[in-house]
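**Student:** I have a structure here, written as structure tokens, and I will follow up with some questions on it.
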2 protein chains.
Amino acid sequence: MSERKFKQVGTRPIRHDGLEKVTGRANFGADYSLPGMLQGAVLRSPHAHAKIVSIDTSPALEVEGVKAVISGRDFPIPTREGDRQQYGDVPDLANNVIARDKVLYHGHAVAAVAATTIEAAQRGAEKIRVEYEVLPPVLDIESAIAPDAAILHDDLVCQGPAPVPSSPTNVARRTLLSGGDIEQGFADSDVVVEREFTTPMVHQGYIEPHATVVETLENGNVTIWCCTQGPFAVRGLTASVTGIELSKIKVIPSEIGGGFGGKTTIYLEPLAVELSRRSGRPVKLVMSREEVFRATGPTSAGRVRVKMGARKDGRLVAAEVVMYYEAGAFPGSPVGAGCMCALSAYCFDHFVIDGYDVVTTKPRVAAYRAPGAPIAAFGVEQVVDEVAERLGLDPIELRLLNAVQENDVAPYGPKYQAIGFRETLEEARKHPNYSATLGPNQGRGVASGFWFNAGLQSSASVHMNEDGTAIVTTGNPDIGGSRAAQAIMVAEELGIGAEQVVPLVGDTESAGYTDLTGGSRTAYATGMAIIEASQDIVRQLRERAAKIWGVELDGVAWEDGRAVPSNGAASDVEPLNLAEIAAQMGATGGPIVAQAAVSPPMAGPGFATHLCDVEVDQETGKVTVLRYTTVQDAGKAVHPSYVEGQMQGGAAQGIGWALNEEYIFDENGVVENPGFLDYRMPVASDLPMIDTVIVEVANPLHPYGVRGVGETPIVPPLACVANAVAAATGKRFTDLPISPPRVLAAIDGD
Amino acid sequence: MSERKFKQVGTRPIRHDGLEKVTGRANFGADYSLPGMLQGAVLRSPHAHAKIVSIDTSPALEVEGVKAVISGRDFPIPTREGDRQQYGDVPDLANNVIARDKVLYHGHAVAAVAATTIEAAQRGAEKIRVEYEVLPPVLDIESAIAPDAAILHDDLVCQGPAPVPSSPTNVARRTLLSGGDIEQGFADSDVVVEREFTTPMVHQGYIEPHATVVETLENGNVTIWCCTQGPFAVRGLTASVTGIELSKIKVIPSEIGGGFGGKTTIYLEPLAVELSRRSGRPVKLVMSREEVFRATGPTSAGRVRVKMGARKDGRLVAAEVVMYYEAGAFPGSPVGAGCMCALSAYCFDHFVIDGYDVVTTKPRVAAYRAPGAPIAAFGVEQVVDEVAERLGLDPIELRLLNAVQENDVAPYGPKYQAIGFRETLEEARKHPNYSATLGPNQGRGVASGFWFNAGLQSSASVHMNEDGTAIVTTGNPDIGGSRAAQAIMVAEELGIGAEQVVPLVGDTESAGYTDLTGGSRTAYATGMAIIEASQDIVRQLRERAAKIWGVELDGVAWEDGRAVPSNGAASDVEPLNLAEIAAQMGATGGPIVAQAAVSPPMAGPGFATHLCDVEVDQETGKVTVLRYTTVQDAGKAVHPSYVEGQMQGGAAQGIGWALNEEYIFDENGVVENPGFLDYRMPVASDLPMIDTVIVEVANPLHPYGVRGVGETPIVPPLACVANAVAAATGKRFTDLPISPPRVLAAIDGD
């Protein structure tokens with residue numbers, strides 16, 4: 001594999017969808033419209049926690065232009081089968097889409113209205129009479145797990161290894177991973193560092209709000225246009241919530257203005273379906289930014305305690321990590337993934353990872369880029385930093401001493417195959433940014449990060465056009481340049497240019513079943529299906545050439561986009577290029593098409609090491625990032641620009657999380673900053689150019705060596721920035737964000 | 001094959017697209033709209049034959065709302081490569097889409113305008129100044145082949161076997177088929193009948209006018225929505241005419257309100273593309289009914305001379321058929337297909353078939369259901385009838401004496417495999433309608449017909465959904481119920497109900513290359529691809545079951561939609577149905593998808609025998625069809641209702657052609673009846689219920705025995721009606737239509 005000379009993989013063609021996007025021609029979720037379409041509005045709960053005593057929707061119907069009104073009573077009551085699973089529990093999902101008996105967060109959908117204008121829909125929604133019995137909000141982990149806590153779900157039974165809290169409880173699940181003898185480990189350590197960390201609820205902050213247009217027909221067929229990372233997930237979940245047969249639903253994904261995990265589930269789609277069914281007209285529902293903040297899925301607030309022991313020589317010996325993640329209104333925080341990632345970068349002979357999924361009266365969390373891992377790494381990587389500091393070791397040196405490598409076993413079970421963690425540390429150590437001179441009030445931080453990367457299911461089809469160009473279709477919306485990667489992979493196999501390949505995002509009918517764009521699985525898993533289908537095309541092209549030349553298949557080789565004679569066969573013939581063979585498809589056996597499906601194992605562990613230099617303004621407490629360097633093992637970068645883009649984007653989001661972002665709730669559980677003016681995300685002028693170094697240690701699971709790259713880069717920055725601020729100020733910041741007031745308070749505390 | 005017990009094939013499920021169509025929800029060509037879309041209008045020639053001296057489009061641009069104006073000069077000049085082929089010659093096609101140097105028929109497109117409203121576009125078109133040098137029209141075969149004829153194309157060279165007319169000429173091609181010794185044949189005959197027949201130009205009369213919406217993007221990508229029988233043909237032809245790369249064009253077929261061959265080529269699409277490119281906005285072009293009549297492709301007017309000899313015992317000995325078909329403005333009449341079909345139903349030891357393709361200043365012809373065959377059969381089947389009459393034989397008896405059967409050789413070359421012609425004659429003879437009592441002024445006609453049926457290229461994909469339903473996608477627009485046939489074939493293979501299959505019409509990107517819906521090839525050729533893909537799905541389902549059971553593949557059989565143990569393997573396991581296996585796709589190897597492509601030989605010869613009873617009103621000359629019976633070999637009827645629908649529809653069109661339909665041109669070549677009030681097609685009240693008898697002689701080329709059925713039924717009616725009128729009146733009608741004035745004149749001539 002490592003011997004293969006790539007011709008297209010590793011090049012940087014212009015993305016196929018670039019011009020459409022920069023000219024504003026591309027259609028995003030809210031850009032769809034249909035004749036006769038109604039506009040919808042959602043009535044949302046004004047309370048964070050309340051029983052719904054009654055709903056009277058009839059006054060809405062009296063508003064001129066209103067054509068349909070629905071509430072939770074208009075949906076089937078889904079039955080729970082067994083354990084509540086992350087993202088998968090249908091009753092929880094259904095209740096999150098629209099409340100039935102209880103509202104569980106401020107902004108929880110209670111009813112929805114469709115009308116001829118958005119204003120009429122909103123007036124209709126305002127007329128709906130809802131009687132609530134208000135209950136106490138549950139706004140943090142402490143109050144959620146307190147003995148006298150208000151209980152969100154009477155039927156909640158905590159899952160996981162004993163001991164777990166008995167019902168009634170707000171703790172939904174315990175995850176426990178352990179190895180060795182933790183007490184002995186700490187006893188064997190020369191130095192032990194223990195700290196507790198907190199991170200607030202933060203939002204992915206995708207530019208595009210959720211939007212959908214739904215058309216229903218008399219025969220029960222439903223077409224859903226929406227911005228999503230997973231059209232097949234939207235289809236399956238909407239079928240579950242509405243009770244409509246899956247085969248009657250078609251989901252057409254729009255272009256997507258960011259998702260980062262937040263567009264892997266459904267909010268508006270079942271409401272629009274039901275409004276359309278009742279009105280007999282297409283219905284559009286578009287969230288405002290405020291609704292996005294109040295009622296979609298941010299990621300967990302977390303509380304993480306890390307205790308770590310090391311020997312004087314720098315060898316890490318033992319670690320204990322206890323993590324509480326807020327799930328919001330329904331079970332399903334990413335604490336399980338946090339547990340998988342917390343200690344997976346280093347070899348500990350003795351470890352305990354103990355994670356708790358806790359419900360609170362806040363928006364239900366959704367996936368956010370490497371879900372759960374940054375929260376864990378914020379604690380672990382700071383403690384590693386502090387261990388190095390206590391031992392007087394260079395932080396990269398300490399990490400190299402303890403870094404996992406091939407054949408080490410991850411805490412969550414598997415044995416690593418070839419991985420590039422050490423290579424990222426070595427590249428970081430020799431990067432000029434690691435030896436740049438620092439001035440006063442400046443500091444440098446180092447942190448590493450791990451993400452396991454998903455596999456899941458993918459399909460791909462490749463069709464030859466009669467002019468020798470090719471079409472490749474998958475079911476993965478293009479979030480980060482996957483169309484270009486698709487085209488490159490086909491081009492590599494066929495021996496043509498990437499611009500001769502048309503890469504398409506299919507809908508749930510034109511593409512074979514494909515899991516979501518996420519988990520850093522698309523270039524890996526869907527790529528495997530694309531490569532397999534492309535190799536099938538090449539085999540067919542060779543067959544056609546063999547037929548034209550009158551030789552056996554093994555008398556034809558495929559080189560540089562041409563059939564050439566091999567094995568001494570037909571050596572008197574001229575090579576046939578792809579266009580020449582394609583032009584003769586009809587006469588040589590018909591269309592040349594191929595389709596492949598895969599369900600590979602996880603996408604190969606991804607490791608990164610980041611460097612951060614900051615300067616701390618002593619008067620305002622403002623932290624300025626001076627340099628930021630990301631080094632990551634991509635296995636093989638199919639389109640290096642988009643790998644670099646992922647690395648830069650993940651770092652930027654992590655820096656925002658570290659320095660500024662947080663949901664601020666009042667005492668009633670109302671988000672006080674539901675907009676980009678008050679919820680402060682970094683903009684271009686807040687950041688330096690983020691430097692990137694791609695390391696390529698081939699992933700043995702993939703034919704090109706590709707491994708997932710999209711999520712790992714958000715794992716290190718929280719700790720990396722904190723380590724840099726600690727270096728600049730001499731203060732450890734254990735609570736995010738490291739915002740000016742908090743920094744100022746720490747400095748002034750001197 | 002004949003042993004196979006079908007469970008789904010041969011049933012009559014409700015068509016999957018039925019409700020959408022009857023409720024008006026289905027989107028036809030003119031139903032598409034895009035934001036910012038412009039409306040277009042086409043300026044058409046007021047002359048049947050003229051040189052274009054100059055065009056000044058600039059005044060159009062001064063009209064408020066006009067955004068773009070184009071003429072022929074705005075398109076590339078296509079170069080001719082070799083012979084002009086039927087439908088395939090790019091320069092002829094390009095010149096038919098929009099005139100360059102000459103206009104060749106009244107209504108020929110000369111320029112086009114796009115504007116914010118249709119009124120502004122029409123006003124703009126009226127302002128365009130075109131200077132013409134008017135030339136003499138050429139309106140029939142006689143004047144076209146006369147020595148002093150006005151010549152349409154200076155560069156036209158007649159192709160075909162010598163002797164052919166020398167250039168300049170209006171004869172584009174001669175087709176000659178012969179066998180035996182024709183002079184000897186007639187010498188050996190006891191009776192010889194010779195007559196000359198004419199048929200007028202007639203239109204397919206599809207309900208839906210041509211319509212297209214085109215969007216072009218800055219990156220050169222073009223999306224074309226249109227009503228077409230062949231989205232891949234539209235893509236390829238539009239690429240040729242506009243010079244745009246094929247891979248940049250996407251064609252999305254709408255539902256289609258009838259085509260009958262008339263929607264196999266392009267008219268509006270390149271104009272809309274160019275208008276959209278120039279205006280930077282989407283452009284819609286919709287023809288009026290008048291434009292459809294004046295400027296789309298009807299079928300040829302024809303002049304056919306038939307001379308036939310037979311022995312006293314009823315054995316046909318010799319036949320000579322000379323056929324002139326009008327091609328309209330550019331070469332490409334279906335005279336070649338007429339030659340193939342003329343004598344293919346009977347065994348003649350001695351024959352000559354001599355066909356001529358003649359250009360005239362009329363709309364360029366397009367395909368019309370069994371193109372060319374009805375015109376030939378109108379002559380041949382009347383002469384056969386007259387031979388039977390002269391010999392005192394029952395017309396079915398005579399046909400049975402001479403009917404081709406397996407191993408006979410068709411005049412155009414191939415040896416017949418199993419065919420059902422004799423079976424249609426026998427079924428017709430024993431049908432009650434053949435012995436029903438006739439009253440005064442009533443008569444009964446018999447005629448048979450042959451169509452060879454096409455094969456061409458098709459692709460199909462089948463995807464399993466996770467709930468056990470399936471999606472099947474092909475590139476064939478559904479004209480006559482092909483979605484239902486698609487679903488039935490998948491259901492048959494998978495062992496599920498047809499309603500559990502979602503049959504889809506793909507676009508040129510979601511479907512693999514597929515030739516047009518036409519030639520009676522869809523259920524046959526595309527069906528073969530569907531069956532092959534479905535069988536691949538079944539193999540994968542067996543593989544999954546084998547994996548679940550831990551047995552080898554041959555330990556699993558597929559029966560009634562379930563995997564069951566076979567070969568004694570795993571006999572302790574429970575059968576797994578499709579839904580159970582589909583639910584485990586992810587864990588057993590990923591999505592279950594399959595794709596197949598075929599390029600089979602011709603679809604198996606189709607034969608039909610029709611019976612017609614008429615009554616002739618002696619006062620008005622009006623012919624009323626009392627009974628009409630169609631008997632046809634379908635090979636195997638996948639969905640018998642749609643086979644019957646094809647038989648009835650073809651008969652109805654043929655009856656219209658026989659009795660009423662005709663283009664009426666004035667002396668300047670202007671169509672005088674370009675609307676359904678004056679161009680008289682039969683409506684429901686004009687026709688009796690058309691009785692159908694499906695004969696099934698399995699086609700050995702197809703796994704179910706399917707043969708094409710869509711075209712054969714239009715072949716017999718012209719002669720069948722004429723034979724009935726002859727029986728009722730004692731007069732031979734050799735010129736169509738057999739309209740009241742013509743009948744009255746014949747009766748009054750007594």
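By convention here, the chains of the structure tokens are called A, B, ... in the order presented, each chain's residues are numbered starting at 1, and ligands are numbered starting at 1 in the order presented.
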Just list the residues in range 638-722 of chain A DSSP gives alpha helix (DSSP H) on the backbone, as a PyMOL selection string.
**Tutor:** chain A and resi 640-659+717-722
**Student:** Atoms to include: N, CA and C atoms. Write the selected residues as a short mmCIF file (atom, residue, chain, number, x, y, z; two decimals), in the first residue's frame.
**Tutor:**
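Written file, result-v3.cif:
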```cif
data_model
loop_
_atom_site.label_atom_id
_atom_site.label_comp_id
_atom_site.auth_asym_id
_atom_site.auth_seq_id
_atom_site.Cartn_x
_atom_site.Cartn_y
_atom_site.Cartn_z
N PRO A 640 -5.46 17.39 0.27
CA PRO A 640 -4.82 17.98 1.45
C PRO A 640 -5.44 19.31 1.89
N SER A 641 -5.96 20.10 0.95
CA SER A 641 -6.54 21.39 1.36
C SER A 641 -7.72 21.19 2.29
N TYR A 642 -8.51 20.14 2.03
CA TYR A 642 -9.70 19.95 2.86
C TYR A 642 -9.34 19.27 4.17
N VAL A 643 -8.25 18.52 4.18
CA VAL A 643 -7.73 18.00 5.46
C VAL A 643 -7.24 19.17 6.30
N GLU A 644 -6.49 20.05 5.67
CA GLU A 644 -6.01 21.24 6.39
C GLU A 644 -7.18 22.09 6.87
N GLY A 645 -8.21 22.19 6.03
CA GLY A 645 -9.40 22.94 6.42
C GLY A 645 -10.07 22.34 7.64
N GLN A 646 -10.12 21.03 7.70
CA GLN A 646 -10.68 20.37 8.88
C GLN A 646 -9.83 20.67 10.11
N MET A 647 -8.54 20.63 9.94
CA MET A 647 -7.64 20.87 11.07
C MET A 647 -7.79 22.31 11.56
N GLN A 648 -7.88 23.24 10.63
CA GLN A 648 -8.01 24.64 11.01
C GLN A 648 -9.38 24.91 11.62
N GLY A 649 -10.41 24.32 11.02
CA GLY A 649 -11.77 24.54 11.52
C GLY A 649 -11.96 23.97 12.91
N GLY A 650 -11.45 22.77 13.13
CA GLY A 650 -11.56 22.16 14.45
C GLY A 650 -10.82 22.99 15.49
N ALA A 651 -9.64 23.46 15.13
CA ALA A 651 -8.87 24.28 16.05
C ALA A 651 -9.61 25.57 16.38
N ALA A 652 -10.19 26.20 15.35
CA ALA A 652 -10.90 27.46 15.57
C ALA A 652 -12.07 27.24 16.52
N GLN A 653 -12.83 26.15 16.31
CA GLN A 653 -13.96 25.91 17.20
C GLN A 653 -13.48 25.63 18.62
N GLY A 654 -12.37 24.90 18.73
CA GLY A 654 -11.84 24.59 20.05
C GLY A 654 -11.35 25.84 20.76
N ILE A 655 -10.74 26.75 20.03
CA ILE A 655 -10.27 28.00 20.63
C ILE A 655 -11.45 28.82 21.14
N GLY A 656 -12.53 28.84 20.34
CA GLY A 656 -13.73 29.56 20.79
C GLY A 656 -14.29 28.96 22.07
N TRP A 657 -14.35 27.66 22.11
CA TRP A 657 -14.85 26.93 23.29
C TRP A 657 -13.94 27.25 24.51
N ALA A 658 -12.64 27.33 24.23
CA ALA A 658 -11.70 27.58 25.32
C ALA A 658 -11.83 29.00 25.87
N LEU A 659 -12.03 29.95 24.98
CA LEU A 659 -11.87 31.35 25.41
C LEU A 659 -13.18 32.09 25.63
N PRO A 717 -7.61 21.60 21.48
CA PRO A 717 -7.48 23.05 21.71
C PRO A 717 -7.90 23.53 23.09
N LEU A 718 -8.92 22.95 23.71
CA LEU A 718 -9.38 23.46 25.00
C LEU A 718 -8.24 23.41 26.01
N ALA A 719 -7.57 22.26 26.05
CA ALA A 719 -6.45 22.11 26.97
C ALA A 719 -5.23 22.87 26.47
N CYS A 720 -5.05 22.89 25.15
CA CYS A 720 -3.85 23.53 24.59
C CYS A 720 -3.83 25.02 24.92
N VAL A 721 -5.00 25.65 24.76
CA VAL A 721 -5.11 27.07 25.09
C VAL A 721 -4.91 27.26 26.61
N ALA A 722 -5.55 26.39 27.39
CA ALA A 722 -5.44 26.52 28.85
C ALA A 722 -3.99 26.33 29.30
#
```
**Student:** Can you list every residue of chain A that has an atom at most 6 Å from chain B, with its nearest atom pair and the distance in Å to one decimal, using only C-alpha atoms, ordered by chain then number, as CSV?
**Tutor:**
```
residue,atom,partner,partner_atom,distance
A:Leu19,CA,B:Asn219,CA,5.9
A:Asn219,CA,B:Leu19,CA,6.0
A:Gln457,CA,B:Gly590,CA,5.1
A:His463,CA,B:Gly512,CA,5.6
A:Ser510,CA,B:Ser510,CA,5.4
A:Gly512,CA,B:His463,CA,5.6
A:Tyr513,CA,B:Pro591,CA,5.6
A:Gly589,CA,B:Ser599,CA,5.3
A:Gly590,CA,B:Ser599,CA,4.2
A:Pro591,CA,B:Ala597,CA,5.4
A:Ala597,CA,B:Pro591,CA,5.4
A:Val598,CA,B:Gly590,CA,5.0
A:Ser599,CA,B:Gly590,CA,4.2
```
**Student:** Using DSSP secondary structure from the backbone, list all strand (DSSP E) positions within range 471-638 of chain A, as an MDAnalysis selection string.
**Tutor:** chainID A and resid 471:474 501:505 556:559 562:565 576:577 593:598 606:616 623:633
**Student:** Keeping only C-alpha atoms, take the residues you just selected and write them out as an mmCIF file, in the first residue's frame.
**Tutor:**
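Generated output (selection_16.cif):
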```
data_model
loop_
_atom_site.group_PDB
_atom_site.id
_atom_site.type_symbol
_atom_site.label_atom_id
_atom_site.label_comp_id
_atom_site.auth_asym_id
_atom_site.auth_seq_id
_atom_site.Cartn_x
_atom_site.Cartn_y
_atom_site.Cartn_z
ATOM 1 C CA ILE A 471 -20.575 10.154 -12.347
ATOM 2 C CA VAL A 472 -20.142 9.074 -8.732
ATOM 3 C CA THR A 473 -23.096 9.210 -6.349
ATOM 4 C CA THR A 474 -23.118 8.670 -2.606
ATOM 5 C CA VAL A 501 -15.667 13.056 -12.640
ATOM 6 C CA VAL A 502 -19.032 14.457 -11.558
ATOM 7 C CA PRO A 503 -19.399 13.850 -7.804
ATOM 8 C CA LEU A 504 -22.965 13.865 -6.567
ATOM 9 C CA VAL A 505 -24.858 13.834 -3.314
ATOM 10 C CA VAL A 556 -5.721 -6.368 -20.995
ATOM 11 C CA ALA A 557 -4.133 -4.176 -18.366
ATOM 12 C CA TRP A 558 -5.370 -0.737 -17.273
ATOM 13 C CA GLU A 559 -2.735 1.955 -17.165
ATOM 14 C CA ARG A 562 -6.108 3.343 -21.014
ATOM 15 C CA ALA A 563 -6.513 -0.308 -21.798
ATOM 16 C CA VAL A 564 -3.163 -1.668 -22.921
ATOM 17 C CA PRO A 565 -2.259 -5.186 -24.045
ATOM 18 C CA LEU A 576 -7.893 2.278 -26.017
ATOM 19 C CA ASN A 577 -8.587 5.220 -23.763
ATOM 20 C CA VAL A 593 -22.189 1.011 -14.206
ATOM 21 C CA ALA A 594 -21.103 -0.242 -10.820
ATOM 22 C CA GLN A 595 -22.264 -0.042 -7.275
ATOM 23 C CA ALA A 596 -20.617 -1.092 -4.036
ATOM 24 C CA ALA A 597 -21.578 -1.142 -0.387
ATOM 25 C CA VAL A 598 -19.396 -1.463 2.676
ATOM 26 C CA GLY A 606 -6.777 9.708 14.673
ATOM 27 C CA PHE A 607 -4.207 11.549 16.749
ATOM 28 C CA ALA A 608 -3.179 15.169 16.766
ATOM 29 C CA THR A 609 -0.778 17.367 18.645
ATOM 30 C CA HIS A 610 -1.401 21.091 18.844
ATOM 31 C CA LEU A 611 0.800 24.011 19.855
ATOM 32 C CA CYS A 612 -0.583 27.336 21.029
ATOM 33 C CA ASP A 613 1.100 30.610 21.913
ATOM 34 C CA VAL A 614 -0.976 33.231 23.711
ATOM 35 C CA GLU A 615 -0.523 36.682 25.123
ATOM 36 C CA VAL A 616 -2.575 37.750 28.125
ATOM 37 C CA VAL A 623 -6.259 36.241 25.806
ATOM 38 C CA THR A 624 -4.909 36.681 22.280
ATOM 39 C CA VAL A 625 -3.818 33.621 20.346
ATOM 40 C CA LEU A 626 -0.519 34.505 18.682
ATOM 41 C CA ARG A 627 0.312 31.244 16.951
ATOM 42 C CA TYR A 628 -1.572 28.033 16.605
ATOM 43 C CA THR A 629 -0.151 24.884 15.083
ATOM 44 C CA THR A 630 -1.963 21.651 14.362
ATOM 45 C CA VAL A 631 -0.133 18.444 13.551
ATOM 46 C CA GLN A 632 -2.300 15.470 12.688
ATOM 47 C CA ASP A 633 -2.081 11.980 11.267
#
```
**Student:** I want to know what sits within 8 Å of Ala114 in chain B, based on only C-alpha atoms, with residues of the same chain fewer than 4 positions away left out; could you give that as a PyMOL selection string?
**Tutor:** chain B and resi 38-41+66-69+121+275+279+283
**Student:** What's around Ala318 in chain B at 6 Å? Count only C-alpha atoms, leave out sequence neighbours fewer than 2 positions away in its own chain, and write the answer as a count of residues only.
**Tutor:** 7
**Student:** Which residues, written as an NGL selection string, have at least one atom at most 12 Å from range 154-169 of chain B, with only C-alpha atoms counted and residues fewer than 2 positions away on the same chain left out?
**Tutor:** :B and (80 or 82-85 or 91-92 or 101-102 or 143-152 or 171-178 or 329-332 or 336 or 354-360)
**Student:** Using the selection just defined, write its residues with C-alpha atoms as a short mmCIF file (atom, residue, chain, number, x, y, z; two decimals), in the first residue's frame.
**Tutor:**
```
data_model
loop_
_atom_site.label_atom_id
_atom_site.label_comp_id
_atom_site.auth_asym_id
_atom_site.auth_seq_id
_atom_site.Cartn_x
_atom_site.Cartn_y
_atom_site.Cartn_z
CA ARG B 80 -21.11 16.65 -40.49
CA GLY B 82 -20.11 10.93 -42.81
CA ASP B 83 -23.60 9.78 -43.63
CA ARG B 84 -26.76 11.53 -42.39
CA GLN B 85 -28.33 9.01 -40.02
CA PRO B 91 -26.03 19.31 -38.28
CA ASP B 92 -29.57 18.43 -39.38
CA ASP B 101 -29.16 29.90 -43.52
CA LYS B 102 -32.52 28.56 -44.61
CA SER B 143 -43.03 17.57 -56.68
CA ALA B 144 -40.08 16.63 -54.48
CA ILE B 145 -38.78 14.02 -56.90
CA ALA B 146 -39.71 15.91 -60.05
CA PRO B 147 -36.72 16.80 -62.28
CA ASP B 148 -37.25 20.52 -61.77
CA ALA B 149 -37.93 20.28 -58.06
CA ALA B 150 -36.83 23.04 -55.73
CA ILE B 151 -33.95 21.57 -53.75
CA LEU B 152 -33.98 21.75 -49.96
CA VAL B 171 -34.14 11.89 -52.20
CA ALA B 172 -31.91 11.20 -49.23
CA ARG B 173 -31.72 7.44 -49.13
CA ARG B 174 -32.84 4.30 -50.89
CA THR B 175 -33.39 1.06 -48.94
CA LEU B 176 -33.60 -2.16 -50.92
CA LEU B 177 -34.42 -5.64 -49.65
CA SER B 178 -34.96 -8.52 -52.05
CA ALA B 329 -37.36 19.18 -43.84
CA PHE B 330 -34.41 16.92 -43.11
CA PRO B 331 -33.59 13.33 -44.05
CA GLY B 332 -34.77 10.63 -41.71
CA GLY B 336 -36.16 1.90 -43.48
CA ASP B 354 -37.73 -0.64 -52.36
CA GLY B 355 -37.95 2.39 -50.09
CA TYR B 356 -37.12 6.06 -50.59
CA ASP B 357 -36.58 8.78 -48.01
CA VAL B 358 -37.70 12.10 -49.51
CA VAL B 359 -37.33 15.59 -48.04
CA THR B 360 -40.15 18.11 -48.32
#
```
**Student:** Report the distance between CA of Glu194 in chain A and CA of Val306 in chain A in Å, rounded to one decimal place.
**Tutor:**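 Result for CA of Glu194 in chain A versus CA of Val306 in chain A: 5.6 Å, one decimal.
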**Student:** Distance CA of Tyr524 in chain A-CA of Gly10 in chain A, one decimal place?
**Tutor:**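 If I compute the distance from CA of Tyr524 in chain A to CA of Gly10 in chain A, I get 14.5 Å.
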**Student:** Write out as a list in words the residues lying within 7 Å of range 727-730 of chain A, counting only C-alpha atoms and excluding same-chain residues fewer than 4 positions away.
**Tutor:** Asn441, Gln442, Gly443, Arg444, Gly445, Glu615, Val616 and Asn723 of chain A
**Student:** Please list as a ChimeraX atom specification every residue within 12 Å of Gly179 in chain A, counting only C-alpha atoms and excluding residues in the same chain fewer than 5 positions away.
**Tutor:** /A:184-185,317-320,343,347-354,409-413
**Student:** How far is it from CA of Pro740 in chain B to CA of Glu619 in chain B, in Å with one decimal?
**Tutor:**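 So the answer is 9.5 Å.
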